[in-house]
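Participant: Below is a structure I'd like to ask you about.
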Amino acid sequence: MARKASTSAPSASLRVRSDVQKAGCNALCVYLGNFGPEISETMIADWFQGPTMFCAAAEETQKDLIDGRGDAYCGMLNASQALSLRKTRAYIPEEPVGDAAQCAEMIHEFLPIARAIVGLQNLKIISFGPRPNNFLACNAPIRALYDLDVEIEENSELDLLEAFQKHQGDPRIDDVVKDMAAELGTGNKIPSVLPKLAQYELTLTDWIEGHKGSRQFVAMANKCWPAFQTMFGFVPCYVNSRLTGRGIPVACEVDIYGALSEYIGTCISQDAVTLLDINNTVPTDMYEESIKGKKSSWASTAVTPLLLRSATARCASSALWPALCL
């Protein structure tokens, strides 16, 4: 939506806010023109309560720099100060003053940032724990989630086991099994475990629908070992990957901030995102024989990272996860 308006008075700013809300806008760009009323324009961001970006007009030509000035460089400086005084969060590009094409590019760069902010404002993280005490990163205080407007619901593994058992014999299991079998294809090495995986997937999706409340989006952080395998009879990695592929990131080991990071990555990239647990250094002999002085193929092609992302975020085509099921 584009809106051309004079905001020289607070009442005009209110009208602009009303217009963008009626249009269903959930993100806003304020474009400053020459001699714009920066105070009123920053009030829009204060009232809007959504991701807001500021940019400003640059001089268009050298032909009339005395009487025909058109830049808003000083206005941008005043607007940034006004935002600071109001404690209003807004996105200001590194070089926020530009011509039409440059400002359009700034807006394009703002879109993934806006998606992430809107996504966080509508996110609920659901976890099944407890969080492991030997992984410090998984025990970070949750206060920061509330600072980001993210809701959190922490449950126990016993809650999950009870919900799983209640889904035994669910009439929807057969359809989910068929979908999994079709997705796995020749990688379906242990067909007998698919009913349990389908039962578990339905347990999670039903829990999400019943517990997300007013939030639109959900990410999960679930315990998956060591008791999970013995009590549930399988490992949940394949189901986790299926949910991740649907835009519901699932982090292992109740890694709440890992789930948050995956979700932010999904909002920004509009693709499935997972975290890789890189816990091996490169041996010296491997470096000397296979890496040192050799051209990397990683940066020379988009295929390699794409395959890596697909393989790690969606392991549906691999026999790995079903083979791990006990």
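Labels used: A, B, ... for chains in the order of the structure tokens, numbers from 1 for residues in each chain, and numbers from 1 for ligands as shown.
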Range 24-39 of chain A: which residues within 7 Å, counting only C-alpha atoms, same-chain residues fewer than 3 positions away excluded, as a list in words?
Facilitator: Thr7, Ser8, Val20, Gln21, Thr42, Met43, Gly50, Pro51, Thr52, Met53, Phe54, Cys55, Ala56, Ala57, Gly70, Asp71, Ala72, Gly75, Asn78, Ala79, Ala82 and Ala114 of chain A
Participant: As a PyMOL selection string, please: the residues near Ala140 in chain A (cut-off 12 Å, only C-alpha atoms, same-chain neighbours under 6 positions excluded).
Facilitator: chain A and resi 131-133+254-258
Participant: May I have the residues from that selection written out with all heavy atoms, as a PDB file, in the first residue's frame?
Facilitator:
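Generated output (again_11.pdb):
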```pdb
ATOM      1  N   ARG A 131      14.423 -29.431  30.547  1.00  0.00           N
ATOM      2  CA  ARG A 131      15.642 -29.026  29.868  1.00  0.00           C
ATOM      3  C   ARG A 131      16.840 -29.708  30.520  1.00  0.00           C
ATOM      4  O   ARG A 131      16.923 -29.750  31.742  1.00  0.00           O
ATOM      5  CB  ARG A 131      15.796 -27.503  29.932  1.00  0.00           C
ATOM      6  CG  ARG A 131      14.808 -26.768  29.048  1.00  0.00           C
ATOM      7  CD  ARG A 131      15.051 -25.280  29.075  1.00  0.00           C
ATOM      8  NE  ARG A 131      14.295 -24.621  30.136  1.00  0.00           N
ATOM      9  CZ  ARG A 131      14.446 -23.349  30.483  1.00  0.00           C
ATOM     10  NH1 ARG A 131      15.346 -22.606  29.869  1.00  0.00           N
ATOM     11  NH2 ARG A 131      13.722 -22.823  31.444  1.00  0.00           N
ATOM     12  N   PRO A 132      17.751 -30.264  29.727  1.00  0.00           N
ATOM     13  CA  PRO A 132      18.881 -31.008  30.300  1.00  0.00           C
ATOM     14  C   PRO A 132      19.831 -30.090  31.056  1.00  0.00           C
ATOM     15  O   PRO A 132      20.212 -29.030  30.554  1.00  0.00           O
ATOM     16  CB  PRO A 132      19.565 -31.623  29.068  1.00  0.00           C
ATOM     17  CG  PRO A 132      19.160 -30.728  27.929  1.00  0.00           C
ATOM     18  CD  PRO A 132      17.785 -30.233  28.261  1.00  0.00           C
ATOM     19  N   ASN A 133      20.220 -30.499  32.270  1.00  0.00           N
ATOM     20  CA  ASN A 133      21.063 -29.619  33.074  1.00  0.00           C
ATOM     21  C   ASN A 133      22.519 -29.652  32.658  1.00  0.00           C
ATOM     22  O   ASN A 133      23.322 -28.865  33.149  1.00  0.00           O
ATOM     23  CB  ASN A 133      20.943 -29.976  34.564  1.00  0.00           C
ATOM     24  CG  ASN A 133      21.361 -31.404  34.852  1.00  0.00           C
ATOM     25  OD1 ASN A 133      21.901 -32.081  33.980  1.00  0.00           O
ATOM     26  ND2 ASN A 133      21.102 -31.870  36.065  1.00  0.00           N
ATOM     27  N   VAL A 254      15.147 -29.922  24.048  1.00  0.00           N
ATOM     28  CA  VAL A 254      14.457 -28.790  24.674  1.00  0.00           C
ATOM     29  C   VAL A 254      15.276 -27.507  24.496  1.00  0.00           C
ATOM     30  O   VAL A 254      15.330 -26.649  25.381  1.00  0.00           O
ATOM     31  CB  VAL A 254      14.177 -29.049  26.174  1.00  0.00           C
ATOM     32  CG1 VAL A 254      12.954 -28.248  26.635  1.00  0.00           C
ATOM     33  CG2 VAL A 254      13.926 -30.524  26.447  1.00  0.00           C
ATOM     34  N   ASP A 255      15.907 -27.372  23.342  1.00  0.00           N
ATOM     35  CA  ASP A 255      16.731 -26.200  23.034  1.00  0.00           C
ATOM     36  C   ASP A 255      15.800 -25.083  22.565  1.00  0.00           C
ATOM     37  O   ASP A 255      15.588 -24.872  21.371  1.00  0.00           O
ATOM     38  CB  ASP A 255      17.750 -26.556  21.951  1.00  0.00           C
ATOM     39  CG  ASP A 255      18.713 -25.417  21.667  1.00  0.00           C
ATOM     40  OD1 ASP A 255      18.603 -24.360  22.331  1.00  0.00           O
ATOM     41  OD2 ASP A 255      19.556 -25.576  20.775  1.00  0.00           O
ATOM     42  N   ILE A 256      15.253 -24.367  23.531  1.00  0.00           N
ATOM     43  CA  ILE A 256      14.235 -23.354  23.245  1.00  0.00           C
ATOM     44  C   ILE A 256      14.797 -22.252  22.350  1.00  0.00           C
ATOM     45  O   ILE A 256      14.146 -21.831  21.385  1.00  0.00           O
ATOM     46  CB  ILE A 256      13.686 -22.774  24.565  1.00  0.00           C
ATOM     47  CG1 ILE A 256      12.882 -23.850  25.296  1.00  0.00           C
ATOM     48  CG2 ILE A 256      12.826 -21.538  24.306  1.00  0.00           C
ATOM     49  CD1 ILE A 256      12.473 -23.463  26.699  1.00  0.00           C
ATOM     50  N   TYR A 257      15.992 -21.798  22.649  1.00  0.00           N
ATOM     51  CA  TYR A 257      16.573 -20.736  21.829  1.00  0.00           C
ATOM     52  C   TYR A 257      17.044 -21.266  20.484  1.00  0.00           C
ATOM     53  O   TYR A 257      17.137 -20.520  19.513  1.00  0.00           O
ATOM     54  CB  TYR A 257      17.694 -20.026  22.588  1.00  0.00           C
ATOM     55  CG  TYR A 257      17.149 -19.090  23.641  1.00  0.00           C
ATOM     56  CD1 TYR A 257      17.010 -19.500  24.967  1.00  0.00           C
ATOM     57  CD2 TYR A 257      16.704 -17.823  23.306  1.00  0.00           C
ATOM     58  CE1 TYR A 257      16.476 -18.660  25.921  1.00  0.00           C
ATOM     59  CE2 TYR A 257      16.170 -16.969  24.249  1.00  0.00           C
ATOM     60  CZ  TYR A 257      16.052 -17.390  25.562  1.00  0.00           C
ATOM     61  OH  TYR A 257      15.502 -16.549  26.505  1.00  0.00           O
ATOM     62  N   GLY A 258      17.339 -22.549  20.409  1.00  0.00           N
ATOM     63  CA  GLY A 258      17.607 -23.164  19.114  1.00  0.00           C
ATOM     64  C   GLY A 258      16.368 -23.148  18.246  1.00  0.00           C
ATOM     65  O   GLY A 258      16.413 -22.833  17.054  1.00  0.00           O
TER      66      GLY A 258
END
```
Participant: Using only C-alpha atoms, I'd like a table of the residues in range 21-135 of chain A that come within 7 Å of range 213-231 of chain A; for each, show the closest atom pair and its distance in Å rounded to one decimal, ordered by chain and ascending number, as CSV.
Facilitator:
```
residue,atom,partner,partner_atom,distance
A:Asn122,CA,A:Arg215,CA,4.9
A:Leu123,CA,A:Phe217,CA,4.8
A:Lys124,CA,A:Val218,CA,4.9
A:Ile125,CA,A:Ala219,CA,4.8
A:Ile126,CA,A:Met220,CA,4.9
A:Ser127,CA,A:Ala221,CA,4.6
A:Phe128,CA,A:Asn222,CA,4.7
A:Gly129,CA,A:Lys223,CA,5.4
```
Participant: Take the residues just selected and output them with C-alpha atoms as a PDB file, in the first residue's frame.
Facilitator:
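Everything below was put into part.pdb:
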```pdb
ATOM      1  CA  ASN A 122       2.736 -14.115  16.620  1.00  0.00           C
ATOM      2  CA  LEU A 123       4.918 -17.000  17.863  1.00  0.00           C
ATOM      3  CA  LYS A 124       4.418 -19.484  20.649  1.00  0.00           C
ATOM      4  CA  ILE A 125       7.168 -21.957  21.539  1.00  0.00           C
ATOM      5  CA  ILE A 126       5.958 -25.246  22.985  1.00  0.00           C
ATOM      6  CA  SER A 127       8.481 -27.470  24.735  1.00  0.00           C
ATOM      7  CA  PHE A 128       8.487 -30.912  26.287  1.00  0.00           C
ATOM      8  CA  GLY A 129      11.257 -31.250  28.840  1.00  0.00           C
TER       9      GLY A 129
END
```
Participant: As a PyMOL selection string, please: every residue in range 21-159 of chain A that a backbone DSSP assignment puts in alpha helix (DSSP H).
Facilitator: chain A and resi 21-22+38-48+73-85+100-121+143-147+157-159
Participant: Rounded to one decimal place, report the CA of Ile92 in chain A-CA of Arg143 in chain A distance in Å.
Facilitator: 26.5 Å
Participant: Quick check for you: according to DSSP on this backbone, which residues of range 75-136 of chain A are classed as strand (DSSP E)? Reply as a ChimeraX atom specification.
Facilitator: /A:97-98,123-129
Participant: What does the file look like for those residues with N, CA and C atoms, as a compact mmCIF listing (two decimals), in the first residue's frame?
Facilitator:
```txt
# COMPACT_ATOMS: atom_id res chain seq x y z
N VAL A 97 19.44 7.50 3.10
CA VAL A 97 19.07 8.57 2.17
C VAL A 97 19.41 8.13 0.76
N GLY A 98 18.42 8.18 -0.15
CA GLY A 98 18.68 7.73 -1.51
C GLY A 98 17.64 8.18 -2.49
N LEU A 123 4.32 -15.68 17.63
CA LEU A 123 4.92 -17.00 17.86
C LEU A 123 4.67 -17.50 19.28
N LYS A 124 4.42 -18.79 19.36
CA LYS A 124 4.42 -19.48 20.65
C LYS A 124 5.36 -20.68 20.54
N ILE A 125 6.27 -20.80 21.48
CA ILE A 125 7.17 -21.96 21.54
C ILE A 125 6.62 -22.95 22.55
N ILE A 126 6.45 -24.18 22.12
CA ILE A 126 5.96 -25.25 22.98
C ILE A 126 7.10 -26.23 23.20
N SER A 127 7.38 -26.55 24.45
CA SER A 127 8.48 -27.47 24.73
C SER A 127 8.00 -28.63 25.60
N PHE A 128 8.69 -29.75 25.43
CA PHE A 128 8.49 -30.91 26.29
C PHE A 128 9.84 -31.28 26.88
N GLY A 129 9.97 -31.12 28.19
CA GLY A 129 11.26 -31.25 28.84
C GLY A 129 11.31 -32.39 29.81
```
Participant: Tell me which protein, DNA and RNA residues are within 7 Å of Glu262 in chain A, counting only C-alpha atoms, leaving out same-chain ones fewer than 3 positions away, and put them as a ChimeraX atom specification.
Facilitator: /A:249,258-259,265-266,273-275
